[in-house]
Each structure stands twice: as C-alpha cells, then as structure tokens.
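What's in coords10.txt: compact mmCIF, C-alpha atoms
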# COMPACT_ATOMS: atom_id res chain seq x y z
CA HIS A 1 46.32 -63.45 4.18
CA GLN A 2 47.29 -66.77 5.76
CA TYR A 3 50.91 -67.61 6.45
CA ASP A 4 52.37 -71.10 6.95
CA GLU A 5 54.71 -72.00 9.75
CA ASN A 6 57.82 -71.57 7.61
CA GLU A 7 56.84 -68.02 6.64
CA LYS A 8 56.30 -67.08 10.27
CA ARG A 9 59.90 -68.05 11.07
CA LYS A 10 61.43 -66.09 8.19
CA PRO A 11 62.96 -62.73 9.06
CA PHE A 12 61.44 -59.64 7.32
CA ILE A 13 61.95 -55.94 7.02
CA CYS A 14 59.12 -53.45 7.56
CA ILE A 15 58.89 -49.87 6.39
CA ALA A 16 56.37 -47.68 8.25
CA GLY A 17 55.42 -44.00 8.16
CA ILE A 18 53.20 -41.42 9.84
CA HIS A 19 49.82 -41.18 8.20
CA PRO A 20 49.54 -37.64 6.68
CA ILE A 21 45.97 -37.23 7.92
CA SER A 22 45.42 -39.31 11.06
CA ARG A 23 49.06 -38.90 12.20
CA LYS A 24 49.16 -42.58 13.17
CA LEU A 25 51.92 -45.05 12.39
CA VAL A 26 51.03 -47.18 9.34
CA LEU A 27 52.77 -50.10 7.65
CA VAL A 28 54.00 -49.17 4.21
CA HIS A 29 55.97 -52.20 3.07
CA ARG A 30 57.04 -55.59 4.42
CA GLN A 31 59.66 -57.77 2.79
CA TYR A 32 60.79 -61.26 3.88
CA VAL A 33 64.51 -61.81 3.90
CA GLY A 34 65.56 -64.78 1.76
CA ASN A 35 68.82 -65.70 0.14
CA ILE A 36 70.59 -62.49 -0.68
CA THR A 37 73.89 -61.92 -2.40
CA SER A 38 74.33 -58.31 -1.25
CA SER A 39 72.86 -56.85 1.93
CA ILE A 40 73.36 -53.28 0.75
CA LEU A 41 71.63 -53.91 -2.58
CA PHE A 42 68.79 -55.74 -0.85
CA ILE A 43 68.21 -52.91 1.61
CA ALA A 44 68.51 -50.29 -1.14
CA ASN A 45 65.88 -52.07 -3.23
CA ILE A 46 63.55 -52.39 -0.26
CA LEU A 47 63.98 -48.75 0.68
CA ASP A 48 63.42 -47.61 -2.90
CA HIS A 49 60.35 -49.77 -3.29
CA GLY A 50 59.02 -48.74 0.13
CA LEU A 51 59.56 -45.06 -0.49
CA GLN A 52 57.76 -45.28 -3.84
CA ARG A 53 54.79 -46.97 -2.17
CA TRP A 54 54.89 -44.46 0.66
CA GLN A 55 54.91 -41.49 -1.69
CA SER A 56 52.07 -43.01 -3.72
CA PHE A 57 50.09 -43.74 -0.55
CA LYS A 58 50.79 -40.30 0.89
CA LEU A 59 49.77 -38.56 -2.34
CA GLN A 60 46.60 -40.67 -2.56
CA GLN A 61 45.62 -39.80 1.03
CA ILE A 62 46.32 -36.10 0.47
CA GLN A 63 44.22 -36.11 -2.71
CA ARG A 64 41.40 -37.86 -0.88
CA GLN A 65 41.64 -35.30 1.89
CA GLU A 66 41.57 -32.44 -0.59
CA ILE A 67 38.59 -33.94 -2.42
CA SER A 68 36.82 -34.51 0.88
CA ALA A 69 37.57 -30.95 1.99
CA SER A 70 36.49 -29.60 -1.38
CA ASN A 71 33.22 -31.55 -1.20
CA ARG A 72 32.68 -30.37 2.35
CA ASN A 73 33.32 -26.75 1.36
CA LEU A 74 30.98 -27.17 -1.59
CA ARG A 75 28.25 -28.55 0.67
CA GLU A 76 28.77 -25.73 3.15
CA LEU A 77 28.61 -23.20 0.33
CA GLN A 78 25.46 -24.82 -1.03
CA ASP A 79 23.94 -24.81 2.46
CA MET A 80 24.82 -21.13 2.87
CA GLU A 81 23.32 -20.31 -0.53
CA TYR A 82 20.19 -22.28 0.35
CA GLN A 83 19.86 -20.50 3.69
CA ARG A 84 20.41 -17.14 2.02
CA ALA A 85 17.81 -17.89 -0.66
CA LEU A 86 15.41 -19.17 2.00
CA GLN A 87 15.94 -16.05 4.10
CA GLN A 88 15.48 -13.84 1.06
CA GLU A 89 12.29 -15.66 0.12
CA THR A 90 11.02 -15.32 3.70
CA GLN A 91 11.79 -11.59 3.68
CA GLN A 92 10.01 -11.18 0.34
CA GLN A 93 6.99 -13.04 1.68
CA GLN A 94 6.98 -10.84 4.79
CA ILE A 95 7.25 -7.71 2.65
CA LYS A 96 4.46 -8.99 0.41
CA GLN A 97 2.26 -9.79 3.40
CA SER A 98 3.03 -6.37 4.90
CA ASP A 99 2.17 -4.68 1.58
CA GLU A 100 -1.07 -6.67 1.37
CA ILE A 101 -1.98 -5.70 4.93
CA ASN A 102 -1.17 -2.04 4.25
CA GLU A 103 -3.11 -2.13 1.00
CA SER A 104 -6.05 -3.72 2.80
CA ILE A 105 -5.93 -1.03 5.50
CA ILE A 106 -5.74 1.73 2.87
CA ASN A 107 -8.64 0.20 0.93
CA ASP A 108 -10.68 -0.02 4.13
CA GLU A 109 -9.89 3.60 4.94
CA ILE A 110 -10.80 4.67 1.41
CA PHE A 111 -14.04 2.68 1.59
CA GLU A 112 -14.90 4.20 4.98
CA GLN A 113 -14.11 7.69 3.69
CA GLN A 114 -16.26 7.08 0.62
CA GLN A 115 -19.13 5.94 2.81
CA PHE A 116 -18.68 8.96 5.06
CA ASP A 117 -18.57 11.30 2.05
CA GLU A 118 -21.64 9.64 0.57
CA ILE A 119 -23.56 10.00 3.85
CA GLU A 120 -22.43 13.61 4.17
CA GLN A 121 -23.44 14.39 0.59
CA ASN A 122 -26.83 12.76 1.12
CA GLN A 123 -27.32 14.79 4.29
CA ILE A 124 -26.38 18.01 2.48
CA LYS A 125 -28.64 17.12 -0.42
CA GLN A 126 -31.52 16.35 1.95
CA LYS A 127 -30.91 19.60 3.80
CA TYR A 128 -31.25 21.73 0.66
CA GLU A 129 -34.16 19.69 -0.67
CA ASN A 130 -36.00 20.34 2.60
CA ARG A 131 -35.07 24.02 2.38
CA MET A 132 -36.51 24.25 -1.13
CA LYS A 133 -39.63 22.30 -0.13
CA ASN A 134 -40.36 24.57 2.83
CA ALA A 135 -39.73 27.70 0.77
CA LYS A 136 -42.06 26.51 -2.01
CA GLU A 137 -44.83 25.79 0.49
CA LYS A 138 -44.53 29.32 1.89
CA ILE A 139 -44.49 30.92 -1.58
CA ASN A 140 -47.49 28.87 -2.75
CA LYS A 141 -49.50 30.06 0.28
CA LEU A 142 -48.39 33.64 -0.36
CA CYS A 143 -49.39 33.46 -4.04
CA LYS A 144 -52.89 32.28 -3.08
CA LEU A 145 -53.24 35.21 -0.68
CA ASN A 146 -52.13 37.63 -3.40
CA GLU A 147 -54.66 36.39 -5.97
CA ASN A 148 -57.32 38.94 -4.94
CA ILE A 149 -54.91 41.87 -4.51
CA SER A 150 -55.55 44.88 -6.77
CA LYS A 151 -53.07 45.28 -9.62
CA ASP A 152 -51.77 48.61 -8.40
CA LYS A 153 -50.43 46.92 -5.30
CA LEU A 154 -48.64 44.10 -7.17
CA VAL A 155 -44.86 44.02 -7.61
CA LYS A 156 -43.32 41.95 -10.41
CA VAL A 157 -39.82 40.80 -9.50
CA ALA A 158 -37.36 39.27 -11.97
CA LEU A 159 -34.62 37.45 -10.05
CA ARG A 160 -31.37 36.25 -11.57
CA LEU A 161 -29.87 33.21 -9.82
CA PRO A 162 -26.13 32.49 -9.36
CA ASN A 163 -26.22 29.92 -12.18
CA GLY A 164 -27.45 32.64 -14.59
CA LYS A 165 -31.02 31.40 -14.72
CA ARG A 166 -33.72 34.08 -14.54
CA VAL A 167 -36.99 33.49 -12.62
CA GLN A 168 -39.83 35.81 -11.75
CA ASN A 169 -42.72 36.08 -9.33
CA ILE A 170 -45.47 38.54 -8.40
CA PHE A 171 -45.61 39.91 -4.88
CA CYS A 172 -47.79 42.36 -3.03
CA ASP A 173 -46.18 45.61 -1.93
CA GLU A 174 -47.30 44.71 1.61
CA ASN A 175 -45.36 41.42 1.54
CA ASN A 176 -42.23 41.26 3.65
CA ILE A 177 -38.77 41.09 2.14
CA GLU A 178 -38.52 37.64 3.77
CA SER A 179 -40.89 36.36 1.06
CA LEU A 180 -38.35 37.55 -1.54
CA PHE A 181 -35.70 35.35 0.11
CA ASP A 182 -38.19 32.45 0.29
CA PHE A 183 -38.76 32.81 -3.47
CA ALA A 184 -34.99 32.63 -4.04
CA LEU A 185 -34.80 29.53 -1.84
CA CYS A 186 -37.35 27.78 -4.05
CA HIS A 187 -34.58 27.31 -6.60
CA GLU A 188 -31.15 25.72 -6.68
CA LEU A 189 -28.65 28.28 -5.46
CA ILE A 190 -25.36 26.77 -6.60
CA ILE A 191 -21.91 28.11 -7.41
CA ASP A 192 -19.23 25.71 -8.69
CA ASP A 193 -21.52 22.75 -7.87
CA LYS A 194 -21.71 23.85 -4.21
CA PRO A 195 -24.99 24.99 -2.63
CA ILE A 196 -25.11 28.50 -1.17
CA ASP A 197 -25.98 28.89 2.51
CA GLU A 198 -25.78 32.63 3.01
CA PHE A 199 -26.71 35.17 0.37
CA GLU A 200 -28.07 38.67 -0.18
CA ILE A 201 -30.37 40.03 -2.85
CA VAL A 202 -29.30 43.11 -4.78
CA SER A 203 -31.81 45.38 -6.54
CA ASN A 204 -30.64 47.34 -9.58
CA PHE A 205 -33.32 50.00 -9.20
CA PRO A 206 -33.74 51.26 -6.69
CA LYS A 207 -30.11 50.51 -5.92
CA LYS A 208 -30.33 48.55 -2.71
CA THR A 209 -28.97 45.41 -1.07
CA PHE A 210 -31.32 43.27 0.99
CA THR A 211 -30.14 41.01 3.82
CA LYS A 212 -31.78 38.98 6.61
CA ASN A 213 -31.92 42.19 8.62
CA ASP A 214 -34.56 43.45 6.20
CA TYR A 215 -36.89 40.45 6.60
CA SER A 216 -39.57 42.41 8.48
CA LEU A 217 -39.67 45.33 6.00
CA THR A 218 -42.26 45.41 3.22
CA PHE A 219 -41.58 45.99 -0.46
CA LYS A 220 -43.33 49.34 -0.15
CA GLU A 221 -41.19 50.40 2.80
CA CYS A 222 -38.06 49.55 0.81
CA GLY A 223 -39.28 51.60 -2.17
CA VAL A 224 -39.82 48.58 -4.44
CA GLU A 225 -43.03 49.14 -6.44
CA HIS A 226 -44.59 47.72 -9.60
CA SER A 227 -41.49 45.92 -10.93
CA ALA A 228 -37.86 45.29 -10.13
CA ILE A 229 -34.86 43.42 -11.46
CA MET A 230 -32.68 41.77 -8.79
CA HIS A 231 -29.99 39.16 -8.49
CA VAL A 232 -28.77 36.75 -5.81
CA SER A 233 -25.23 37.38 -4.49
CA SER A 234 -23.48 34.74 -2.41
CA LEU A 235 -21.98 35.55 0.99
CA ASP A 236 -20.27 32.16 1.48

Take the structure I supplied and represent it as structure tokens, if you would.
Amino acid sequence: HQYDENEKRKPFICIAGIHPISRKLVLVHRQYVGNITSSILFIANILDHGLQRWQSFKLQQIQRQEISASNRNLRELQDMEYQRALQQETQQQQIKQSDEINESIINDEIFEQQQFDEIEQNQIKQKYENRMKNAKEKINKLCKLNENISKDKLVKVALRLPNGKRVQNIFCDENNIESLFDFALCHELIIDDKPIDEFEIVSNFPKKTFTKNDYSLTFKECGVEHSAIMHVSSLD
C-alpha cells in the first residue's frame, strides 16, 4: 500500500499482540487520527475494533494450528499403519519362505527315504530270488540222481508252507535232511508279506522237528520212510 506525504505526517494508533503460535509481536490494527470530537470515544472504538480483529486473527491461527497438527497426526498415524502393514507383510513372507524351505526339506527327506526303501526292498527281493534259484538248482540235480532209485528207497514228502500252500516232492531215504530244507527254499516262505529267514520243519509222524543241526542226517537215520507230512515253522 502506498501512502502520500500527507498520510505519513498524520498521527495514528497501533494495536499489536503476541502471535499465539510464533510468539512474535504482530500488528493487529492501525488507525490514523483525524478530526475527533471525543478522545475517549475514539480510543474506545479503536480498542473494540482492534480487539475484535485480534480475537478473529487469534482464533484463525489457532484453528490453522489445530488443523495442521491434526493433519500431521493423521500422516504420522498413516505412516505407522503403513509401516505396521509392511512389517506384517514382510513377516508373512518370511514365514511363507520358511514354510516352503521346510516343506522342500521334508519332501527331499521323504524322497530320499523312498529311494532308500526302494533300494532296500529290491535288495531283499533279489536276495530271496537268488535263494530260491540256488535251491531249485540243487533240487533239480537231486531229482535227476533219484530217477534210478528203487521205489522201496523213495520217500514222498508233502510240505505245507507258511502261506497254507501244500507242495510235495520225492526224496531218497539216503538224501540228507538239508535237501528237505532246499526243497522248502524253492518256494516263497512268507508271513504277513515278509520273507522268512530262519525256519524249522516239523514232521507230524514221526513226531520230530528238524533244524539246521540235522542237515547231515539222512531221512533213514531220522526214521522218515516211504511218506511223511510236514510243515514249515518260522523262527523269525
């Protein structure tokens, strides 16, 4: 605002106050003094007008400050919520990654165990297949040797296996008891889907139990002649 020379020489009254926020002195109202009829009335009007402006200004500044503080608090709250959500998301990702790693480790362990079990089962299967193969070769050779044996020296053995199956073979009374075990080993000796390693052979008549200790004895020496009914009994 530009003032002329006459205005600069006129006396005026100023009303100032302390800013409610910055705490600095601020000009509230300025009034030039002209022709007045009553000094008291003039000053009263100026004070009343100045105080009204001051109260309005003060209220406006306080409201601005409150709005600014409210906005600042809102931003801080939003920032805190964002950080919390971000932290929660990070934790969930870490938990998910940890679960995926653990699941991968478990799957690898399961796969390795399955491979180990498969190898072990194949080895067991191969072991018993070889056992049966060797036993069959021995029995086949024995049967060829017994082809020319006189009938009175033959022993017909009916053998019941652990799975309930009944098989039979003809031996010579001079054959060793070991050949009886070889005949049993020609077949699948299984209980509850598990192969039998150790077993004995039990004769109903004569009542006798044969073990590996009897391998060298002959059928005749054990009193087994003509025919016999036996069964395989597991020792596992």

_Contacts of Thr209 in chain A at 12 Å (all atoms listed in the file; same-chain gap of 5+ positions) as a ChimeraX atom specification_ = /A:177,199-204,214,222,224,230-233

*Rounded to one decimal in Å, what is the spacing between CA of Phe181 in chain A and CA of Lys141 in chain A?*
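It comes out at 14.8 Å.
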
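CA of Cys14 in chain A lies 28.6 Å from CA of Glu66 in chain A.
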
*If you measure from CA of His226 in chain A to CA of Glu174 in chain A, what distance in Å do you get, rounded to one decimal?*
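Taking CA of His226 in chain A and CA of Glu174 in chain A, their separation equals 11.9 Å.
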
*Using all atoms listed in the file, which of A:Leu77, A:Ile106, A:Ile124, A:Ile190 sits nearest Gly164 in chain A?*
A:Ile190

_For Arg131 in chain A: contacts at 12 Å, all atoms listed in the file, fewer than 3 positions along chain excluded, given as a ChimeraX atom specification_ = /A:124-128,134-138,181-189,195-197

*Which residue, A:Ile101, A:Pro206, A:Leu235, A:Phe116, has the smallest gap to Gly223 in chain A when you use all atoms listed in the file?*
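Closest candidate: A:Pro206.
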
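Residue nearest Ile149 in chain A within the list A:Gln83, A:Leu217, A:Cys172, A:Met132: A:Cys172 [criterion: smallest interatomic distance, all atoms listed in the file].
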
_Polymer residues at most 6 Å from (52.4, -43.3, 4.6) by all atoms listed in the file, as a PyMOL selection string_ = chain A and resi 17-19+54+57-58
